[in-house]
file my_file30.txt (compact mmCIF, C-alpha atoms)
# COMPACT_ATOMS: atom_id res chain seq x y z
CA MET A 263 158.48 147.25 130.14
CA ALA A 264 158.39 146.83 126.42
CA GLU A 265 161.56 145.80 124.65
CA ALA A 266 160.96 147.80 121.52
CA PHE A 267 158.55 150.26 119.98
CA GLU A 268 157.13 150.96 116.56
CA PHE A 269 158.99 153.46 114.45
CA GLN A 270 157.83 155.10 111.24
CA VAL A 271 159.22 157.83 109.04
CA ILE A 272 156.68 159.34 106.66
CA THR A 273 157.19 162.08 104.07
CA PRO A 274 154.53 163.68 101.88
CA GLU A 275 155.66 161.43 99.05
CA ARG A 276 156.11 158.05 100.71
CA VAL A 277 156.50 155.97 103.84
CA VAL A 278 160.28 155.81 104.11
CA ILE A 279 160.54 153.29 106.90
CA SER A 280 158.24 151.31 109.14
CA MET A 281 159.82 148.96 111.63
CA GLU A 282 160.57 148.25 115.29
CA THR A 283 163.42 149.77 117.19
CA SER A 284 164.64 149.71 120.76
CA SER A 285 166.24 153.13 120.84
CA LEU A 286 165.87 156.28 118.82
CA VAL A 287 167.69 159.60 118.66
CA VAL A 288 166.14 162.54 116.81
CA PRO A 289 167.29 166.10 116.02
CA GLY A 290 164.96 168.28 118.10
CA ALA A 291 164.72 171.97 117.31
CA GLU A 292 166.82 172.69 120.41
CA GLY A 293 169.05 169.66 120.53
CA TYR A 294 169.10 165.93 120.04
CA LEU A 295 166.62 163.85 122.02
CA GLY A 296 166.76 160.17 122.83
CA PHE A 297 163.79 157.83 123.12
CA LEU A 298 163.47 154.42 124.73
CA PRO A 299 160.38 152.20 125.01
CA ASP A 300 157.52 153.41 127.22
CA HIS A 301 158.38 157.04 126.73
CA ALA A 302 155.77 159.58 127.82
CA PRO A 303 153.57 161.03 125.03
CA MET A 304 155.46 163.77 123.31
CA VAL A 305 155.46 165.92 120.19
CA VAL A 306 158.82 167.22 119.02
CA LEU A 307 159.64 169.85 116.46
CA LEU A 308 162.57 168.64 114.36
CA LYS A 309 165.32 170.54 112.60
CA PRO A 310 167.39 169.14 109.74
CA GLY A 311 169.67 166.49 111.14
CA VAL A 312 170.44 162.84 111.62
CA VAL A 313 167.96 160.33 113.00
CA LYS A 314 169.60 157.30 114.62
CA TYR A 315 167.64 154.16 115.25
CA LYS A 316 168.81 150.92 116.77
CA VAL A 317 168.52 147.70 114.81
CA GLY A 318 169.81 144.73 116.78
CA SER A 319 172.88 146.05 118.58
CA GLU A 320 173.90 148.79 116.16
CA TYR A 321 172.57 152.19 115.23
CA ARG A 322 171.54 153.02 111.71
CA ARG A 323 171.27 156.54 110.42
CA MET A 324 169.08 158.57 108.17
CA ALA A 325 168.89 162.23 107.24
CA VAL A 326 165.70 164.22 107.77
CA THR A 327 165.13 167.80 106.68
CA GLY A 328 162.96 169.05 109.50
CA GLY A 329 159.46 168.08 110.47
CA PHE A 330 157.67 166.70 113.49
CA MET A 331 157.77 163.63 115.64
CA GLU A 332 155.05 162.19 117.75
CA MET A 333 155.66 159.59 120.42
CA ALA A 334 152.67 157.91 122.02
CA ASN A 335 151.72 154.41 123.13
CA ASN A 336 155.08 153.00 122.13
CA LYS A 337 154.80 154.30 118.63
CA ALA A 338 157.11 156.95 117.23
CA VAL A 339 156.02 158.62 114.02
CA ILE A 340 158.29 161.09 112.27
CA LEU A 341 156.57 163.35 109.75
CA ALA A 342 159.48 164.75 107.79
CA ASP A 343 159.57 167.09 104.81
CA ALA A 344 162.08 164.73 103.25
CA ALA A 345 164.07 161.79 104.53
CA GLU A 346 166.81 159.60 103.12
CA LEU A 347 168.31 156.42 104.47
CA ALA A 348 172.07 156.54 104.90
CA GLU A 349 172.63 154.17 101.99
CA GLU A 350 170.44 156.26 99.68
CA ILE A 351 172.37 159.46 100.15
CA ASP A 352 174.43 160.81 97.27
CA VAL A 353 177.36 162.19 99.23
CA MET A 354 178.88 163.98 96.26
CA ARG A 355 175.67 165.84 95.65
CA ALA A 356 175.36 166.74 99.31
CA ARG A 357 178.92 168.06 99.31
CA ARG A 358 178.26 170.23 96.28
CA ALA A 359 175.11 171.58 97.94
CA LEU A 360 177.15 172.30 101.05
CA GLU A 361 179.74 174.23 99.05
CA ARG A 362 177.07 176.26 97.30
CA ALA A 363 175.35 177.12 100.57
CA ARG A 364 178.68 178.14 102.16
CA GLU A 365 179.53 180.37 99.23
CA ARG A 366 176.18 182.06 99.34
CA LEU A 367 176.45 182.66 103.06
CA ALA A 368 179.99 183.96 102.70
CA SER A 369 179.24 186.29 99.80
CA ARG A 370 177.05 188.53 101.98
CA GLN A 371 175.44 190.12 98.96
CA GLU A 372 172.18 191.96 98.99
CA GLY A 373 169.20 189.94 97.90
CA ILE A 374 170.34 186.63 99.29
CA ASP A 375 167.83 184.82 101.35
CA PHE A 376 169.95 183.97 104.36
CA ALA A 377 167.29 181.84 105.99
CA ARG A 378 167.09 179.71 102.88
CA ALA A 379 170.83 179.44 102.47
CA ARG A 380 171.17 178.47 106.13
CA ALA A 381 168.48 175.84 105.78
CA ALA A 382 170.21 174.46 102.68
CA LEU A 383 173.47 174.33 104.61
CA GLU A 384 171.86 172.47 107.52
CA ARG A 385 170.25 169.97 105.17
CA ALA A 386 173.53 169.29 103.41
CA VAL A 387 175.37 168.82 106.68
CA ALA A 388 172.66 166.46 107.92
CA ARG A 389 172.92 164.33 104.81
CA ILE A 390 176.69 164.12 104.90
CA ARG A 391 176.63 163.19 108.59
CA ALA A 392 173.92 160.61 108.06
CA ALA A 393 175.97 159.01 105.32
CA GLY A 394 178.65 158.57 107.96
CA GLU A 395 181.35 160.58 106.23
CA GLU A 396 181.79 163.22 108.91
CA ARG A 397 180.87 162.32 112.42
CA MET B 271 130.93 160.95 44.16
CA ALA B 272 134.37 160.86 45.68
CA SER B 273 136.89 158.92 43.69
CA LEU B 274 138.40 155.68 44.92
CA LEU B 275 141.73 157.36 45.44
CA ASP B 276 140.21 160.12 47.59
CA ILE B 277 138.47 157.65 49.81
CA ARG B 278 141.56 155.54 50.21
CA ARG B 279 143.53 158.64 51.15
CA ARG B 280 140.97 159.58 53.79
CA ILE B 281 140.98 156.11 55.26
CA ARG B 282 144.72 156.28 55.59
CA ALA B 283 144.55 159.73 57.26
CA VAL B 284 141.94 158.63 59.77
CA ASP B 285 143.96 155.52 60.51
CA ASN B 286 147.00 157.65 61.30
CA ILE B 287 144.98 159.75 63.70
CA LYS B 288 143.62 156.63 65.29
CA GLN B 289 147.13 155.40 65.95
CA VAL B 290 148.04 158.69 67.61
CA THR B 291 144.97 158.81 69.83
CA LYS B 292 145.44 155.16 70.71
CA ALA B 293 149.01 155.87 71.80
CA MET B 294 147.91 158.91 73.81
CA GLU B 295 145.25 156.83 75.49
CA MET B 296 147.78 154.24 76.53
CA VAL B 297 150.25 156.84 77.78
CA ALA B 298 147.50 158.54 79.79
CA ALA B 299 146.49 155.20 81.27
CA ALA B 300 150.05 154.53 82.44
CA LYS B 301 150.37 158.02 83.89
CA LEU B 302 146.99 157.74 85.55
CA ARG B 303 148.09 154.63 87.38
CA LYS B 304 151.18 156.41 88.63
CA ALA B 305 149.21 159.48 89.62
CA GLN B 306 146.79 157.34 91.59
CA GLU B 307 149.66 155.67 93.40
CA ARG B 308 150.96 159.08 94.37
CA VAL B 309 147.58 160.10 95.76
CA VAL B 310 147.57 156.96 97.90
CA ALA B 311 151.22 157.42 98.94
CA ALA B 312 150.50 160.94 100.17
CA ARG B 313 147.72 159.83 102.50
CA PRO B 314 149.67 158.61 105.57
CA TYR B 315 151.51 161.92 105.88
CA ALA B 316 148.36 164.00 105.48
CA ARG B 317 146.52 161.89 108.05
CA GLY B 318 149.38 162.06 110.55
CA LEU B 319 149.67 165.81 110.25
CA GLU B 320 145.95 166.33 110.55
CA GLU B 321 145.75 164.19 113.68
CA MET B 322 148.60 166.10 115.22
CA LEU B 323 146.96 169.43 114.49
CA HIS B 324 143.61 168.26 115.89
CA ARG B 325 145.23 167.02 119.05
CA LEU B 326 147.15 170.22 119.50
CA SER B 327 144.08 172.38 118.97
CA SER B 328 141.91 170.32 121.32
CA GLN B 329 144.52 170.45 124.03
CA GLY B 330 145.97 173.87 124.38
CA ALA B 331 143.35 176.59 124.61
CA GLY B 332 144.31 179.98 123.29
CA LEU B 333 146.52 178.66 120.53
CA ASP B 334 146.91 181.34 117.97
CA HIS B 335 148.31 181.55 114.46
CA PRO B 336 147.78 184.18 111.74
CA LEU B 337 146.50 181.55 109.30
CA LEU B 338 143.87 180.35 111.78
CA ARG B 339 142.47 183.82 112.45
CA ARG B 340 139.11 184.45 110.89
CA ARG B 341 138.08 187.91 109.78
CA GLU B 342 135.25 189.47 107.85
CA VAL B 343 135.52 188.49 104.19
CA LYS B 344 135.82 191.50 101.91
CA ARG B 345 138.11 190.04 99.29
CA ARG B 346 138.34 186.43 98.32
CA ALA B 347 140.87 184.64 96.15
CA TYR B 348 140.03 181.59 94.08
CA VAL B 349 142.82 179.20 93.21
CA VAL B 350 141.91 177.49 89.96
CA VAL B 351 143.74 174.28 89.14
CA THR B 352 143.78 173.34 85.44
CA GLY B 353 146.16 171.45 83.21
CA ASP B 354 148.91 172.92 81.06
CA ARG B 355 147.86 170.91 78.05
CA GLY B 356 144.69 170.25 76.15
CA LEU B 357 143.34 167.11 74.45
CA CYS B 358 141.73 165.92 77.62
CA GLY B 359 138.05 166.26 76.83
CA SER B 360 136.12 168.74 78.91
CA TYR B 361 138.54 168.62 81.85
CA ASN B 362 139.91 172.15 81.52
CA ALA B 363 136.64 173.58 80.24
CA ASN B 364 134.79 172.22 83.27
CA MET B 365 137.28 173.79 85.65
CA ILE B 366 137.15 177.12 83.88
CA ARG B 367 133.36 177.13 83.77
CA ARG B 368 133.19 176.32 87.44
CA ALA B 369 135.67 179.07 88.28
CA ALA B 370 133.92 181.65 86.12
CA ALA B 371 130.62 180.82 87.82
CA ALA B 372 132.23 181.18 91.24
CA LEU B 373 133.69 184.56 90.28
CA GLU B 374 130.38 185.84 88.96
CA GLY B 375 128.35 184.48 91.82
CA SER B 376 130.66 185.83 94.48
CA GLU B 377 129.01 188.29 96.85
CA VAL B 378 132.37 189.87 97.67
CA GLU B 379 135.24 191.11 95.53
CA ALA B 380 136.88 188.07 93.99
CA THR B 381 140.35 187.57 92.57
CA LEU B 382 142.17 184.70 90.98
CA VAL B 383 145.28 182.61 91.36
CA ALA B 384 145.86 180.38 88.34
CA VAL B 385 147.57 177.01 88.55
CA GLY B 386 148.02 175.57 85.07
CA ARG B 387 148.36 177.24 81.69
CA LYS B 388 144.85 176.60 80.36
CA GLY B 389 143.16 178.47 83.20
CA ARG B 390 145.72 181.25 83.11
CA ASP B 391 145.27 181.81 79.37
CA PHE B 392 141.50 181.84 79.57
CA PHE B 393 141.23 184.37 82.37
CA ARG B 394 143.97 186.56 81.00
CA ARG B 395 142.21 186.72 77.64
CA ARG B 396 139.06 187.77 79.44
CA GLY B 397 141.00 190.59 81.09
CA PHE B 398 140.90 189.27 84.66
CA ASP B 399 143.60 190.33 87.04
CA LEU B 400 145.54 187.37 88.35
CA LEU B 401 147.11 187.64 91.79
CA ALA B 402 149.60 184.94 90.90
CA GLU B 403 150.13 182.17 88.40
CA PHE B 404 151.89 178.84 88.55
CA LEU B 405 152.62 177.04 85.30
CA ARG B 406 154.45 173.88 84.34
CA ILE B 407 153.37 171.74 87.24
CA GLY B 408 154.42 168.80 85.11
CA GLU B 409 153.34 165.20 85.19
CA GLU B 410 154.31 164.58 88.77
CA PRO B 411 153.54 167.44 91.12
CA THR B 412 156.10 167.59 93.93
CA PHE B 413 155.61 168.68 97.50
CA GLN B 414 158.06 171.47 96.82
CA GLN B 415 155.78 172.89 94.12
CA ALA B 416 152.81 172.73 96.46
CA ARG B 417 154.86 174.55 99.04
CA GLU B 418 155.70 177.36 96.64
CA ILE B 419 152.03 177.86 95.90
CA SER B 420 150.92 177.69 99.51
CA GLY B 421 153.71 180.06 100.51
CA VAL B 422 152.28 182.70 98.18
CA LEU B 423 148.75 182.03 99.40
CA ALA B 424 149.77 182.32 103.05
CA HIS B 425 151.51 185.58 102.26
CA LEU B 426 148.41 186.99 100.52
CA TYR B 427 146.35 186.06 103.54
CA GLU B 428 148.72 187.36 106.16
CA ALA B 429 149.32 190.62 104.32
CA GLY B 430 145.57 191.20 104.26
CA THR B 431 145.37 191.24 100.45
CA VAL B 432 142.57 188.69 100.71
CA ASP B 433 140.43 187.57 103.62
CA GLU B 434 139.67 184.11 102.35
CA VAL B 435 141.27 181.67 99.93
CA ARG B 436 139.34 178.95 98.19
CA ILE B 437 140.65 176.31 95.85
CA ILE B 438 138.78 174.87 92.89
CA TYR B 439 140.12 171.60 91.57
CA THR B 440 138.94 168.31 90.17
CA GLU B 441 138.57 165.37 92.45
CA PHE B 442 139.37 162.02 90.95
CA ILE B 443 136.63 159.42 91.34
CA SER B 444 137.35 157.12 88.40
CA ALA B 445 138.75 157.39 84.90
CA LEU B 446 135.23 158.04 83.68
CA SER B 447 134.12 160.40 86.37
CA GLN B 448 135.78 163.39 87.95
CA ARG B 449 134.08 165.95 90.10
CA PRO B 450 134.87 169.65 90.49
CA VAL B 451 135.20 170.63 94.13
CA GLU B 452 135.56 173.94 95.91
CA LYS B 453 137.23 174.09 99.31
CA VAL B 454 138.19 176.81 101.72
CA LEU B 455 141.96 176.79 102.20
CA LEU B 456 142.37 179.85 104.37
CA PRO B 457 141.64 180.57 107.12
CA ILE B 458 142.41 177.02 108.16
CA GLY B 459 139.47 175.45 109.93
CA ILE B 460 140.22 172.79 112.49
CA GLN B 461 137.46 170.67 113.86
CA GLY B 462 138.09 170.46 117.58
CA GLY B 463 139.27 166.97 118.48
CA GLY B 464 136.59 164.89 120.17
CA GLU B 465 137.88 162.87 123.08
CA GLU B 466 140.34 164.35 125.47
CA ALA B 467 143.63 162.72 124.57
CA GLU B 468 146.56 162.02 126.80
CA GLU B 469 148.64 164.93 127.94
CA TYR B 470 151.47 165.49 125.53
CA ILE B 471 154.78 167.09 126.22
CA TYR B 472 155.64 169.64 123.53
CA GLU B 473 159.25 170.20 122.69
CA PRO B 474 160.31 172.99 122.57
CA SER B 475 156.77 174.38 123.14
CA ALA B 476 153.22 173.94 121.89
CA GLU B 477 153.34 177.40 120.32
CA ARG B 478 156.43 176.66 118.27
CA VAL B 479 155.14 173.29 117.15
CA LEU B 480 151.92 174.97 116.05
CA ALA B 481 153.79 177.74 114.26
CA HIS B 482 155.40 175.09 112.04
CA LEU B 483 152.47 172.73 111.87
CA VAL B 484 149.92 175.21 110.51
CA PRO B 485 151.80 176.22 107.32
CA GLN B 486 152.71 172.59 106.79
CA PHE B 487 149.04 171.68 106.94
CA LEU B 488 148.34 174.22 104.20
CA ASP B 489 151.15 172.73 102.08
CA VAL B 490 149.61 169.29 102.42
CA GLN B 491 146.17 170.50 101.36
CA VAL B 492 147.53 172.19 98.27
CA TYR B 493 149.64 169.12 97.48
CA HIS B 494 146.59 166.91 97.78
CA ALA B 495 144.63 169.15 95.39
CA LEU B 496 147.49 169.06 92.85
CA LEU B 497 147.67 165.27 92.98
CA GLU B 498 143.92 164.81 92.64
CA ALA B 499 143.82 167.28 89.76
CA LYS B 500 146.66 165.53 87.98
CA ALA B 501 145.03 162.12 88.32
CA SER B 502 141.79 163.62 87.00
CA GLU B 503 143.56 165.18 84.05
CA HIS B 504 145.09 161.85 83.07
CA GLY B 505 141.76 160.12 83.57
CA ALA B 506 139.97 162.68 81.43
CA ARG B 507 142.63 162.44 78.74
CA MET B 508 142.48 158.68 78.72
CA THR B 509 138.69 158.73 78.29
CA ALA B 510 138.77 161.45 75.66
CA MET B 511 141.45 159.67 73.66
CA GLY B 512 139.60 156.38 74.03
CA ASN B 513 136.52 158.01 72.56
CA ALA B 514 138.54 159.55 69.76
CA THR B 515 140.01 156.13 68.94
CA ASP B 516 136.53 154.58 68.86
CA ASN B 517 135.25 157.37 66.65
CA ALA B 518 138.15 156.92 64.27
CA ALA B 519 137.49 153.19 64.08
CA GLU B 520 133.86 153.86 63.29
CA MET B 521 134.81 156.37 60.62
CA ILE B 522 137.19 153.90 59.02
CA GLU B 523 134.39 151.36 58.93
CA ASP B 524 132.03 153.82 57.21
CA LEU B 525 134.69 154.90 54.75
CA THR B 526 135.60 151.31 53.95
CA LEU B 527 131.96 150.58 53.24
CA GLU B 528 131.75 153.58 50.95
CA PHE B 529 135.00 152.58 49.29
CA ASN B 530 133.66 149.14 48.50
CA ARG B 531 130.39 150.56 47.26
CA VAL B 532 132.16 152.95 44.91
CA ARG B 533 134.45 150.18 43.70
CA GLN B 534 131.46 147.89 43.08
CA ALA B 535 129.64 150.67 41.25
CA SER B 536 132.56 151.26 38.93
CA ILE B 537 132.90 147.54 38.21
CA THR B 538 129.20 147.30 37.45
CA LYS B 539 129.49 150.29 35.18
CA GLU B 540 132.41 148.75 33.29
CA ILE B 541 130.59 145.45 32.83
CA LEU B 542 127.56 147.30 31.55
CA GLU B 543 129.70 149.16 29.06
CA ILE B 544 131.33 145.96 27.82
CA VAL B 545 128.04 144.15 27.56
CA SER B 546 126.32 146.97 25.74
CA GLY B 547 129.37 147.36 23.48
CA ALA B 548 129.24 143.64 22.58
CA GLU B 549 125.49 143.92 22.11
CA ALA B 550 125.96 146.79 19.66
CA LEU B 551 128.38 144.73 17.52
CA LYS B 552 125.84 141.98 16.86
call {"tool": "encode", "arguments": {"input": "my_file30.txt", "output": "structure tokens"}}
result
Amino acid sequence: MAEAFEFQVITPERVVISMETSSLVVPGAEGYLGFLPDHAPMVVLLKPGVVKYKVGSEYRRMAVTGGFMEMANNKAVILADAAELAEEIDVMRARRALERARERLASRQEGIDFARARAALERAVARIRAAGEER
Amino acid sequence: MASLLDIRRRIRAVDNIKQVTKAMEMVAAAKLRKAQERVVAARPYARGLEEMLHRLSSQGAGLDHPLLRRREVKRRAYVVVTGDRGLCGSYNANMIRRAAAALEGSEVEATLVAVGRKGRDFFRRRGFDLLAEFLRIGEEPTFQQAREISGVLAHLYEAGTVDEVRIIYTEFISALSQRPVEKVLLPIGIQGGGEEAEEYIYEPSAERVLAHLVPQFLDVQVYHALLEAKASEHGARMTAMGNATDNAAEMIEDLTLEFNRVRQASITKEILEIVSGAEALK
């Protein structure tokens, strides 16, 4: 049994992280999923949310805005549309985005793209959670 | 013969131009380096996504997605990627020529989607109908911009407006050499994966993963084309401005030679006048 497995987060613009971890939790489309070493090969569809990965004895967080994850041969690769480490997140900006998305959803006007507003809301929530402000 | 003053004025004008082209060359070189880095940085994601799609298509038979469905081609759209700005040698002209040839040579009805102002302007002047246009891509194309474009393309394809989408862009080889390429974007062709891979579990299901993966794959291809085109544009501009700088330097050299010749001629003339004047007084 392996102690740890490779873990990468890649976005179209850069490789955000590439390291080893012993435990990983990702936001699956239908709920959070946990991964430990020697997991069976798996492809997961991700929704916007918080990725938690264990470094030493503590979990670190990052926000991802949807994407895919592949787990195979003790290597987990997340292909995310965008990803930010907890310490990179601008919480104020995320809060403003959250407010805007809430207003748009609440206004219920014609011509609002609800799917987009919802997605924006989910992204904002994910970033605020990842930054550790609201658990 | 031009007067000394005229020549000196021209030398100064050419020198000013030389400074401008030199500066543009250096700016283009810096931007080219950045653009190349972005091309490289985009590779891991593209490769990962492609592998995932191959694996998925080789595993589950009967996977279906509107963007994978082939149909008889009656109408085809060409996406032409040019720059928004000029002063980059034959970069835009090459793209436009290539696109015009593709349009003329097409055996089916062909339409256009313009990315970049230069291509848009050219085809609009010629009275072509554009299905869509995307301007102001800027110096650093973002994935979001690529997604906007591919969203429109996917819509055109799914709605049946066109039966095939091809993209014409410039592939970056080096600062001195860029190559126009034409690729089929839609329908998406997946080469069936070779070896039978391990059985994967799909969460929530293979169909839903595919439904998200396919449009994403299109986004990545468009993004790649934008990045390559941008690197090519900077490369072409750098070369063009380098040539312009060299030409200006050569011109200054010629003008300086002429300046000296004219100056020498006038001195000789003056001496002659003095000598002949003194001669006459004897």
call {"tool": "closest_residue", "arguments": {"input": "my_file30.txt", "among": "B:Ser360, B:Thr381, B:Thr526, B:Gln491", "to": "chain A", "atoms": "only C-alpha atoms"}}
result
B:Gln491
call {"tool": "interface_residues", "arguments": {"input": "my_file30.txt", "of": "chain B", "to": "chain A", "cutoff": "9 Å", "atoms": "only C-alpha atoms", "output": "list in words"}}
result
Arg308, Val309, Ala311, Ala312, Arg313, Pro314, Tyr315, Ala316, Gly318, Leu319, Met322, Thr412, Phe413, Glu468, Glu469, Tyr470, Ile471, Tyr472, Glu473, Pro474, Ser475, Ala476, Arg478, Val479, His482, Leu483, Gln486, Val490 and Tyr493 of chain B
call {"tool": "closest_residue", "arguments": {"input": "my_file30.txt", "among": "A:Ala379, A:Ala368, A:Ala266, A:Met281", "to": "A:Asn336", "atoms": "all atoms listed in the file"}}
result
A:Ala266
call {"tool": "closest_residue", "arguments": {"input": "my_file30.txt", "among": "B:Val290, B:Phe529, B:Leu400, B:His504", "to": "B:Leu275", "atoms": "all atoms listed in the file"}}
result
B:Phe529
call {"tool": "closest_residue", "arguments": {"input": "my_file30.txt", "among": "A:Ala338, A:Leu367, A:Met354, A:Ala386", "to": "A:Val326", "atoms": "all atoms listed in the file"}}
result
A:Ala386
call {"tool": "atom_distance", "arguments": {"input": "my_file30.txt", "atom1": "atom CA of B:Asp354", "atom2": "atom CA of B:Ala510"}}
result
16.2 Å
call {"tool": "closest_residue", "arguments": {"input": "my_file30.txt", "among": "B:Val350, B:Ala481, B:Ala514, B:Met365", "to": "B:Leu326", "atoms": "all atoms listed in the file"}}
result
B:Ala481
call {"tool": "residues_near_point", "arguments": {"input": "my_file30.txt", "point": "(142.7, 179.2, 106.6)", "cutoff": "8 Å", "atoms": "all atoms listed in the file", "output": "list in words"}}
result
Leu337, Leu338, Arg339, Arg340, Glu434, Val435, Val454, Leu455, Leu456, Pro457, Ile458, Gly459 and Leu488 of chain B
call {"tool": "residues_around", "arguments": {"input": "my_file30.txt", "residues": "B:Ala300", "least_positions_apart": "3", "cutoff": "12 Å", "atoms": "all atoms listed in the file", "output": "ChimeraX atom specification"}}
result
/B:293-297,303-307,409,445,501,504-505,507-508
call {"tool": "atom_distance", "arguments": {"input": "my_file30.txt", "atom1": "atom CA of A:Ile351", "atom2": "atom CA of A:Ala388"}}
result
10.5 Å
call {"tool": "atom_distance", "arguments": {"input": "my_file30.txt", "atom1": "atom CA of B:Asp399", "atom2": "atom CA of B:Val383"}}
result
9.0 Å
call {"tool": "closest_residue", "arguments": {"input": "my_file30.txt", "among": "B:Ile287, B:Leu401, B:Leu423, B:Leu274", "to": "B:Ala535", "atoms": "all atoms listed in the file"}}
result
B:Leu274
call {"tool": "axis_aligned_box", "arguments": {"input": "my_file30.txt", "around": "stretch 402-420 of chain B", "padding_each_side": "4 Å", "output": "lines of an AutoDock Vina configuration file"}}
result
center_x = 153.8
center_y = 174.8
center_z = 91.9
size_x = 16.5
size_y = 28.4
size_z = 23.2
call {"tool": "residues_around", "arguments": {"input": "my_file30.txt", "residues": "stretch 358-364 of chain A", "least_positions_apart": "3", "cutoff": "10 Å", "atoms": "all atoms listed in the file", "output": "ChimeraX atom specification"}}
result
/A:353-355,367-369,376,378-387,389-390
call {"tool": "build_atoms", "arguments": {"input": "my_file30.txt", "residues": "stretch 482-496 of chain B", "atoms": "N, CA, C and O atoms", "output": "tab-separated table (two decimals), keeping the file's coordinate frame"}}
result
chain	number	residue	atom	x	y	z
B	482	HIS	N	154.89	175.84	113.18
B	482	HIS	CA	155.40	175.09	112.04
B	482	HIS	C	154.34	174.19	111.43
B	482	HIS	O	154.33	173.93	110.24
B	483	LEU	N	153.46	173.71	112.31
B	483	LEU	CA	152.47	172.73	111.87
B	483	LEU	C	151.43	173.36	110.95
B	483	LEU	O	151.02	172.75	109.96
B	484	VAL	N	151.00	174.58	111.26
B	484	VAL	CA	149.92	175.21	110.51
B	484	VAL	C	150.28	175.43	109.03
B	484	VAL	O	149.54	175.02	108.14
B	485	PRO	N	151.44	176.07	108.75
B	485	PRO	CA	151.80	176.22	107.32
B	485	PRO	C	151.98	174.88	106.62
B	485	PRO	O	151.63	174.72	105.45
B	486	GLN	N	152.50	173.91	107.36
B	486	GLN	CA	152.71	172.59	106.79
B	486	GLN	C	151.37	171.96	106.38
B	486	GLN	O	151.27	171.31	105.36
B	487	PHE	N	150.38	172.21	107.21
B	487	PHE	CA	149.04	171.68	106.94
B	487	PHE	C	148.50	172.27	105.63
B	487	PHE	O	147.89	171.58	104.82
B	488	LEU	N	148.76	173.56	105.44
B	488	LEU	CA	148.34	174.22	104.20
B	488	LEU	C	149.07	173.60	103.00
B	488	LEU	O	148.45	173.31	101.97
B	489	ASP	N	150.37	173.37	103.15
B	489	ASP	CA	151.15	172.73	102.08
B	489	ASP	C	150.51	171.41	101.66
B	489	ASP	O	150.36	171.11	100.49
B	490	VAL	N	150.16	170.62	102.68
B	490	VAL	CA	149.61	169.29	102.42
B	490	VAL	C	148.29	169.40	101.66
B	490	VAL	O	148.02	168.62	100.74
B	491	GLN	N	147.45	170.36	102.04
B	491	GLN	CA	146.17	170.50	101.36
B	491	GLN	C	146.34	170.89	99.89
B	491	GLN	O	145.64	170.37	99.03
B	492	VAL	N	147.27	171.79	99.65
B	492	VAL	CA	147.53	172.19	98.27
B	492	VAL	C	148.11	171.01	97.48
B	492	VAL	O	147.71	170.73	96.35
B	493	TYR	N	149.02	170.29	98.12
B	493	TYR	CA	149.64	169.12	97.48
B	493	TYR	C	148.57	168.09	97.10
B	493	TYR	O	148.56	167.57	95.99
B	494	HIS	N	147.67	167.86	98.03
B	494	HIS	CA	146.59	166.91	97.78
B	494	HIS	C	145.76	167.34	96.56
B	494	HIS	O	145.44	166.54	95.69
B	495	ALA	N	145.43	168.64	96.51
B	495	ALA	CA	144.63	169.15	95.39
B	495	ALA	C	145.38	168.96	94.07
B	495	ALA	O	144.79	168.55	93.06
B	496	LEU	N	146.69	169.22	94.08
B	496	LEU	CA	147.49	169.06	92.85
B	496	LEU	C	147.48	167.61	92.39
B	496	LEU	O	147.34	167.32	91.20
